[in-house]
$ cat model.cif   # mmCIF, C-alpha atoms
data_upload
#
loop_
_atom_site.group_PDB
_atom_site.id
_atom_site.type_symbol
_atom_site.label_atom_id
_atom_site.label_comp_id
_atom_site.auth_asym_id
_atom_site.auth_seq_id
_atom_site.Cartn_x
_atom_site.Cartn_y
_atom_site.Cartn_z
ATOM 1 C CA MET A 411 6.836 3.540 -26.030
ATOM 2 C CA VAL A 412 10.397 2.506 -25.229
ATOM 3 C CA LEU A 413 11.025 1.487 -21.645
ATOM 4 C CA PRO A 414 14.361 0.682 -20.036
ATOM 5 C CA ALA A 415 15.129 -3.016 -19.893
ATOM 6 C CA ILE A 416 16.973 -4.965 -17.242
ATOM 7 C CA ALA A 417 18.755 -8.204 -17.881
ATOM 8 C CA SER A 418 17.851 -10.041 -14.715
ATOM 9 C CA PRO A 419 16.752 -8.230 -11.581
ATOM 10 C CA ALA A 420 16.685 -11.566 -9.770
ATOM 11 C CA ALA A 421 20.455 -11.679 -10.135
ATOM 12 C CA GLU A 422 20.685 -8.306 -8.365
ATOM 13 C CA SER A 423 18.251 -9.153 -5.593
ATOM 14 C CA ARG A 424 17.116 -12.137 -3.599
ATOM 15 C CA ASP A 425 13.540 -10.803 -3.571
ATOM 16 C CA PRO A 426 11.462 -13.256 -5.655
ATOM 17 C CA ARG A 427 8.833 -10.529 -6.173
ATOM 18 C CA LEU A 428 11.262 -8.554 -8.383
ATOM 19 C CA LYS A 429 10.941 -9.037 -12.142
ATOM 20 C CA PRO A 430 11.622 -7.217 -15.451
ATOM 21 C CA LEU A 431 8.832 -5.192 -17.144
ATOM 22 C CA ALA A 432 8.637 -7.805 -19.915
ATOM 23 C CA ASP A 433 7.116 -10.177 -17.321
ATOM 24 C CA LEU A 434 4.149 -7.892 -16.536
ATOM 25 C CA PRO A 435 0.725 -9.329 -17.425
ATOM 26 C CA LYS A 436 -0.390 -7.887 -20.781
ATOM 27 C CA HIS A 437 -3.253 -5.892 -19.217
ATOM 28 C CA ILE A 438 -0.958 -4.183 -16.651
ATOM 29 C CA LEU A 439 0.591 -1.242 -18.466
ATOM 30 C CA PRO A 440 3.600 0.694 -17.157
ATOM 31 C CA ILE A 441 3.498 4.477 -17.286
ATOM 32 C CA GLN A 442 6.578 5.696 -19.127
ATOM 33 C CA ASP A 443 9.077 7.567 -16.928
ATOM 34 C CA LYS A 444 6.957 6.987 -13.792
ATOM 35 C CA LEU A 445 6.983 4.873 -10.664
ATOM 36 C CA ALA A 446 3.428 3.529 -10.315
ATOM 37 C CA LEU A 447 1.358 1.317 -8.030
ATOM 38 C CA ILE A 448 -1.278 -0.711 -9.881
ATOM 39 C CA ALA A 449 -3.858 -3.064 -8.380
ATOM 40 C CA ASP A 450 -5.150 -5.872 -10.612
ATOM 41 C CA PHE A 451 -8.798 -5.767 -9.497
ATOM 42 C CA GLN A 452 -10.014 -7.624 -12.596
ATOM 43 C CA ASN A 453 -8.182 -10.802 -11.500
ATOM 44 C CA ARG A 454 -9.069 -10.829 -7.797
ATOM 45 C CA LYS A 455 -9.246 -14.271 -6.262
ATOM 46 C CA ASN A 456 -10.240 -15.383 -2.762
ATOM 47 C CA GLY A 457 -10.358 -11.774 -1.531
ATOM 48 C CA LEU A 458 -6.847 -11.001 -2.820
ATOM 49 C CA VAL A 459 -5.510 -8.848 -5.658
ATOM 50 C CA SER A 460 -2.045 -8.703 -7.150
ATOM 51 C CA LEU A 461 -0.282 -5.379 -6.680
ATOM 52 C CA TYR A 462 2.454 -4.131 -8.989
ATOM 53 C CA LEU A 463 4.987 -1.472 -8.042
ATOM 54 C CA ILE A 464 6.362 -0.615 -11.465
ATOM 55 C CA ASN A 465 9.559 1.345 -12.072
ATOM 56 C CA ALA A 466 9.327 2.559 -15.676
ATOM 57 C CA THR A 467 11.885 5.301 -15.006
ATOM 58 C CA LYS A 468 15.500 5.379 -16.111
ATOM 59 C CA ALA A 469 16.786 5.291 -12.525
ATOM 60 C CA ASP A 470 16.879 2.604 -9.866
ATOM 61 C CA VAL A 471 14.717 3.318 -6.824
ATOM 62 C CA VAL A 472 15.319 2.334 -3.216
ATOM 63 C CA ILE A 473 12.231 2.236 -0.998
ATOM 64 C CA PRO A 474 12.179 1.772 2.789
ATOM 65 C CA THR A 475 10.471 -1.380 4.106
ATOM 66 C CA GLN A 476 9.747 -3.028 7.419
ATOM 67 C CA ASP A 477 10.365 -6.761 7.267
ATOM 68 C CA GLY A 478 9.723 -6.577 3.506
ATOM 69 C CA ASP A 479 6.476 -4.612 3.946
ATOM 70 C CA LEU A 480 6.407 -1.533 1.708
ATOM 71 C CA TYR A 481 3.843 0.089 4.050
ATOM 72 C CA CYS A 482 1.198 -0.656 1.415
ATOM 73 C CA LYS A 483 -2.284 -0.468 2.962
ATOM 74 C CA ARG A 484 -5.867 -0.553 1.741
ATOM 75 C CA THR A 485 -7.785 2.688 1.925
ATOM 76 C CA ALA A 486 -11.573 2.900 1.655
ATOM 77 C CA GLN A 487 -13.726 5.826 0.619
ATOM 78 C CA ASP A 488 -16.300 7.063 3.149
ATOM 79 C CA ALA A 489 -19.741 8.336 2.173
ATOM 80 C CA ASP A 490 -18.353 11.903 2.365
ATOM 81 C CA GLY A 491 -15.583 11.056 -0.137
ATOM 82 C CA THR A 492 -12.757 10.897 2.429
ATOM 83 C CA TRP A 493 -10.230 8.107 1.896
ATOM 84 C CA ARG A 494 -9.396 6.305 5.152
ATOM 85 C CA ARG A 495 -6.846 3.597 5.820
ATOM 86 C CA CYS A 496 -8.418 0.258 6.763
ATOM 87 C CA ASP A 497 -5.315 -1.956 7.166
ATOM 88 C CA SER A 498 -3.602 -1.381 10.496
ATOM 89 C CA HIS A 499 0.147 -1.302 11.003
ATOM 90 C CA GLN A 500 2.383 -2.261 13.894
ATOM 91 C CA TYR A 501 5.876 -0.767 13.839
ATOM 92 C CA SER A 502 8.772 -2.954 14.919
ATOM 93 C CA ASP A 503 11.041 -1.962 17.782
ATOM 94 C CA CYS A 504 13.894 -3.972 16.280
ATOM 95 C CA GLY A 505 16.235 -1.952 14.078
ATOM 96 C CA ASN A 506 16.993 -5.035 11.967
ATOM 97 C CA SER A 507 13.422 -4.904 10.620
ATOM 98 C CA TYR A 508 14.051 -1.701 8.693
ATOM 99 C CA ILE A 509 15.739 -2.353 5.371
ATOM 100 C CA SER A 510 15.183 -1.103 1.839
ATOM 101 C CA ALA A 511 13.899 -2.716 -1.334
ATOM 102 C CA SER A 512 15.642 -1.862 -4.590
ATOM 103 C CA ILE A 513 13.723 -1.781 -7.845
ATOM 104 C CA PRO A 514 15.992 -1.331 -10.844
ATOM 105 C CA ALA A 515 14.955 0.834 -13.793
ATOM 106 C CA GLY A 516 12.702 -1.306 -15.968
ATOM 107 C CA GLY A 517 11.687 -3.609 -13.122
ATOM 108 C CA PHE A 518 8.717 -4.209 -10.871
ATOM 109 C CA LEU A 519 7.727 -5.820 -7.603
ATOM 110 C CA SER A 520 4.535 -7.859 -7.402
ATOM 111 C CA TRP A 521 2.742 -9.341 -4.395
ATOM 112 C CA PRO A 522 -0.753 -10.474 -3.389
ATOM 113 C CA GLN A 523 -2.660 -8.314 -0.932
ATOM 114 C CA ARG A 524 -6.058 -8.559 0.696
ATOM 115 C CA CYS A 525 -8.809 -6.478 -0.880
ATOM 116 C CA ASP A 526 -11.823 -7.982 0.921
ATOM 117 C CA SER A 527 -12.501 -8.280 4.629
ATOM 118 C CA VAL A 528 -14.376 -11.396 5.776
ATOM 119 C CA THR A 529 -17.447 -9.255 6.413
ATOM 120 C CA GLY A 530 -18.216 -5.604 5.827
ATOM 121 C CA LYS A 531 -19.811 -3.449 3.212
ATOM 122 C CA THR A 532 -18.627 -2.998 -0.340
ATOM 123 C CA ARG A 533 -16.848 0.323 -0.867
ATOM 124 C CA LYS A 534 -14.465 1.956 -3.292
ATOM 125 C CA ILE A 535 -10.944 0.977 -2.274
ATOM 126 C CA ARG A 536 -7.435 1.617 -3.449
ATOM 127 C CA PHE A 537 -3.998 0.861 -2.094
ATOM 128 C CA ARG A 538 -1.500 3.419 -0.879
ATOM 129 C CA LEU A 539 2.171 3.299 -0.011
ATOM 130 C CA PHE A 540 2.431 5.192 3.269
ATOM 131 C CA GLN A 541 5.887 6.518 2.450
ATOM 132 C CA GLN A 542 7.626 9.866 2.236
ATOM 133 C CA ALA A 543 7.582 11.630 -1.150
ATOM 134 C CA PRO A 544 8.236 10.649 -3.881
ATOM 135 C CA PHE A 545 7.114 7.133 -2.850
ATOM 136 C CA ASP A 546 3.714 8.112 -1.381
ATOM 137 C CA LEU A 547 1.827 6.431 -4.213
ATOM 138 C CA GLU A 548 -1.833 5.493 -4.631
ATOM 139 C CA SER A 549 -3.177 2.746 -6.861
ATOM 140 C CA ASN A 550 -6.113 2.732 -9.213
ATOM 141 C CA GLU A 551 -9.570 2.321 -7.648
ATOM 142 C CA GLY A 552 -11.630 -0.835 -7.363
ATOM 143 C CA SER A 553 -14.115 -2.225 -4.885
ATOM 144 C CA GLY A 554 -13.733 -4.356 -1.804
ATOM 145 C CA SER A 555 -15.511 -5.206 1.418
ATOM 146 C CA VAL A 556 -14.359 -3.287 4.478
ATOM 147 C CA GLU A 557 -15.583 -3.411 8.064
ATOM 148 C CA ASP A 558 -16.300 -0.119 9.848
ATOM 149 C CA THR A 559 -14.235 -1.325 12.827
ATOM 150 C CA GLU A 560 -11.134 -1.663 10.615
ATOM 151 C CA ILE A 561 -11.357 2.006 9.692
ATOM 152 C CA GLN A 562 -11.977 3.006 13.321
ATOM 153 C CA ILE A 563 -8.929 1.085 14.581
ATOM 154 C CA CYS A 564 -6.702 2.554 11.853
ATOM 155 C CA ARG A 565 -7.739 6.109 12.696
ATOM 156 C CA TYR A 566 -5.938 5.805 16.041
ATOM 157 C CA ASP A 567 -3.106 3.291 15.556
ATOM 158 C CA ALA A 568 0.630 4.061 15.541
ATOM 159 C CA MET A 569 0.722 4.797 11.807
ATOM 160 C CA ALA A 570 -2.124 7.298 12.198
ATOM 161 C CA MET A 571 -0.120 9.147 14.825
ATOM 162 C CA ARG A 572 2.501 9.755 12.136
ATOM 163 C CA ASP A 573 0.331 10.198 9.024
ATOM 164 C CA GLY A 574 -3.221 10.827 10.250
ATOM 165 C CA PRO A 575 -5.265 13.998 10.336
ATOM 166 C CA PHE A 576 -4.606 16.448 13.177
ATOM 167 C CA GLU A 577 -8.060 15.883 14.702
ATOM 168 C CA ASP A 578 -7.391 12.154 15.193
ATOM 169 C CA VAL A 579 -3.911 12.711 16.635
ATOM 170 C CA ALA A 580 -5.287 15.396 18.966
ATOM 171 C CA ALA A 581 -8.066 13.055 20.150
ATOM 172 C CA VAL A 582 -5.446 10.500 21.243
ATOM 173 C CA ALA A 583 -3.128 13.155 22.750
ATOM 174 C CA THR A 584 -5.921 14.646 24.858
ATOM 175 C CA GLY A 585 -7.233 11.257 26.010
ATOM 176 C CA LYS A 586 -10.569 11.558 24.230
ATOM 177 C CA VAL A 587 -9.658 8.382 22.345
ATOM 178 C CA LYS A 588 -7.562 5.440 23.513
ATOM 179 C CA GLY A 589 -5.156 4.718 20.655
ATOM 180 C CA GLY A 590 -3.823 1.374 19.496
ATOM 181 C CA GLN A 591 -5.525 -1.908 18.686
ATOM 182 C CA GLY A 592 -9.218 -1.820 19.518
ATOM 183 C CA ALA A 593 -9.240 1.995 19.610
ATOM 184 C CA SER A 594 -12.242 3.282 21.492
ATOM 185 C CA ILE A 595 -13.775 6.678 22.128
ATOM 186 C CA ASP A 596 -14.457 7.642 25.754
#
$ encode --input "model.cif" --output "structure tokens"
Amino acid sequence: MVLPAIASPAAESRDPRLKPLADLPKHILPIQDKLALIADFQNRKNGLVSLYLINATKADVVIPTQDGDLYCKRTAQDADGTWRRCDSHQYSDCGNSYISASIPAGGFLSWPQRCDSVTGKTRKIRFRLFQQAPFDLESNEGSGSVEDTEIQICRYDAMAMRDGPFEDVAAVATGKVKGGQGASID
């Protein structure tokens, strides 16, 4: 497999998370000609995993961020098989918060992210970039502890009003549920 190489992405960007594919850990494998999100569950430490957003395409990609956040959130699988977001999000009302991250062809971004809540039950989890296509990516699956209240709050927060299921948005719009932090059902 021949992947595009980049001389030094650090020279093109001030983001210290940006590196060339040659710097990936040996067990993290890029998918040729794809942009992929991979969670390193096998090396979790202190409730955190390393995430890798890998650009193994031949084109640079530019992804929207908010204060450097790629809108990457944990999702947990319910007993019925539904994946639900369990990391809440607060949008900024300052326009300066919204910038883009560039990942050159043959480069990747890496960052640590929480996979375990302090308490909660162990569930299947994965990470998802809550972005518009083609950047709406999901990672591989692993396990992590998640509190039921985290899922409940995320069902009715600001991000859910943009990306959530119609039933949840309708519940907030009709006043059946109070949205926002600490969402509660009347």
$ resolve_selection --input "model.cif" --expression "the PyMOL selection byres ((chain A and resi 487) around 10)" --output "number ranges by chain"
A: 485-486, 488-496, 533-536, 551, 553, 556
$ closest_residue --input "model.cif" --among "A:Ser527, A:Gln562, A:Ser460, A:Ser555" --to "Leu447 of chain A" --atoms "only C-alpha atoms"
A:Ser460
$ residues_around --input "model.cif" --residues "segment 426-437 of chain A" --least-positions-apart "3" --cutoff "6 Å" --atoms "all atoms listed in the file" --output "VMD selection string"
chain A and resid 419 516 to 520
$ atom_distance --input "model.cif" --atom1 "atom CA of Lys586 of chain A" --atom2 "atom CA of Tyr501 of chain A"
23.0 Å
$ closest_residue --input "model.cif" --among "A:Thr584, A:Asp425, A:Ser512, A:Ser498" --to "Arg565 of chain A" --atoms "only C-alpha atoms"
A:Ser498
$ residues_near_point --input "model.cif" --point "(2.4, -1.4, 2.5)" --cutoff "8 Å" --atoms "all atoms listed in the file" --output "list in words"
Asp479, Leu480, Tyr481, Cys482, Lys483, Arg538, Leu539 and Phe540 of chain A
$ write_last_selection --input "model.cif" --atoms "C-alpha atoms" --output "PDB file, in the frame of the given file"
ATOM      1  CA  ASP A 479       6.476  -4.612   3.946  1.00  0.00           C
ATOM      2  CA  LEU A 480       6.407  -1.533   1.708  1.00  0.00           C
ATOM      3  CA  TYR A 481       3.843   0.089   4.050  1.00  0.00           C
ATOM      4  CA  CYS A 482       1.198  -0.656   1.415  1.00  0.00           C
ATOM      5  CA  LYS A 483      -2.284  -0.468   2.962  1.00  0.00           C
ATOM      6  CA  ARG A 538      -1.500   3.419  -0.879  1.00  0.00           C
ATOM      7  CA  LEU A 539       2.171   3.299  -0.011  1.00  0.00           C
ATOM      8  CA  PHE A 540       2.431   5.192   3.269  1.00  0.00           C
TER       9      PHE A 540
END
$ closest_residue --input "model.cif" --among "A:Asp443, A:Asp503, A:Met571, A:Val582" --to "Ala469 of chain A" --atoms "only C-alpha atoms"
A:Asp443
$ closest_residue --input "model.cif" --among "A:Leu458, A:Leu439, A:Ile473, A:Val579" --to "Ile513 of chain A" --atoms "only C-alpha atoms"
A:Ile473
$ resolve_selection --input "model.cif" --expression "the PyMOL selection byres ((chain A and resi 522) around 7)" --output "list in words"
Leu458, Val459, Ser460, Leu461, Trp521, Gln523 and Arg524 of chain A
$ closest_residue --input "model.cif" --among "A:Phe545, A:Arg454, A:Ala466, A:Arg572" --to "Ile441 of chain A" --atoms "all atoms listed in the file"
A:Ala466
$ atom_distance --input "model.cif" --atom1 "atom CA of Lys588 of chain A" --atom2 "atom CA of Gln542 of chain A"
26.5 Å
$ axis_aligned_box --input "model.cif" --around "segment 541-547 of chain A" --padding-each-side "3 Å" --output "lines of an AutoDock Vina configuration file"
center_x = 5.0
center_y = 9.0
center_z = -0.9
size_x = 12.4
size_y = 11.2
size_z = 12.7
$ atom_distance --input "model.cif" --atom1 "atom CA of Ala449 of chain A" --atom2 "atom CA of Cys564 of chain A"
21.2 Å
$ resolve_selection --input "model.cif" --expression "the PyMOL selection byres ((chain A and resi 470) around 7)" --output "PDB file with C-alpha atoms, keeping the file's coordinate frame"
ATOM      1  CA  LYS A 468      15.500   5.379 -16.111  1.00  0.00           C
ATOM      2  CA  ALA A 469      16.786   5.291 -12.525  1.00  0.00           C
ATOM      3  CA  VAL A 471      14.717   3.318  -6.824  1.00  0.00           C
ATOM      4  CA  VAL A 472      15.319   2.334  -3.216  1.00  0.00           C
ATOM      5  CA  ILE A 513      13.723  -1.781  -7.845  1.00  0.00           C
ATOM      6  CA  PRO A 514      15.992  -1.331 -10.844  1.00  0.00           C
ATOM      7  CA  ALA A 515      14.955   0.834 -13.793  1.00  0.00           C
TER       8      ALA A 515
END
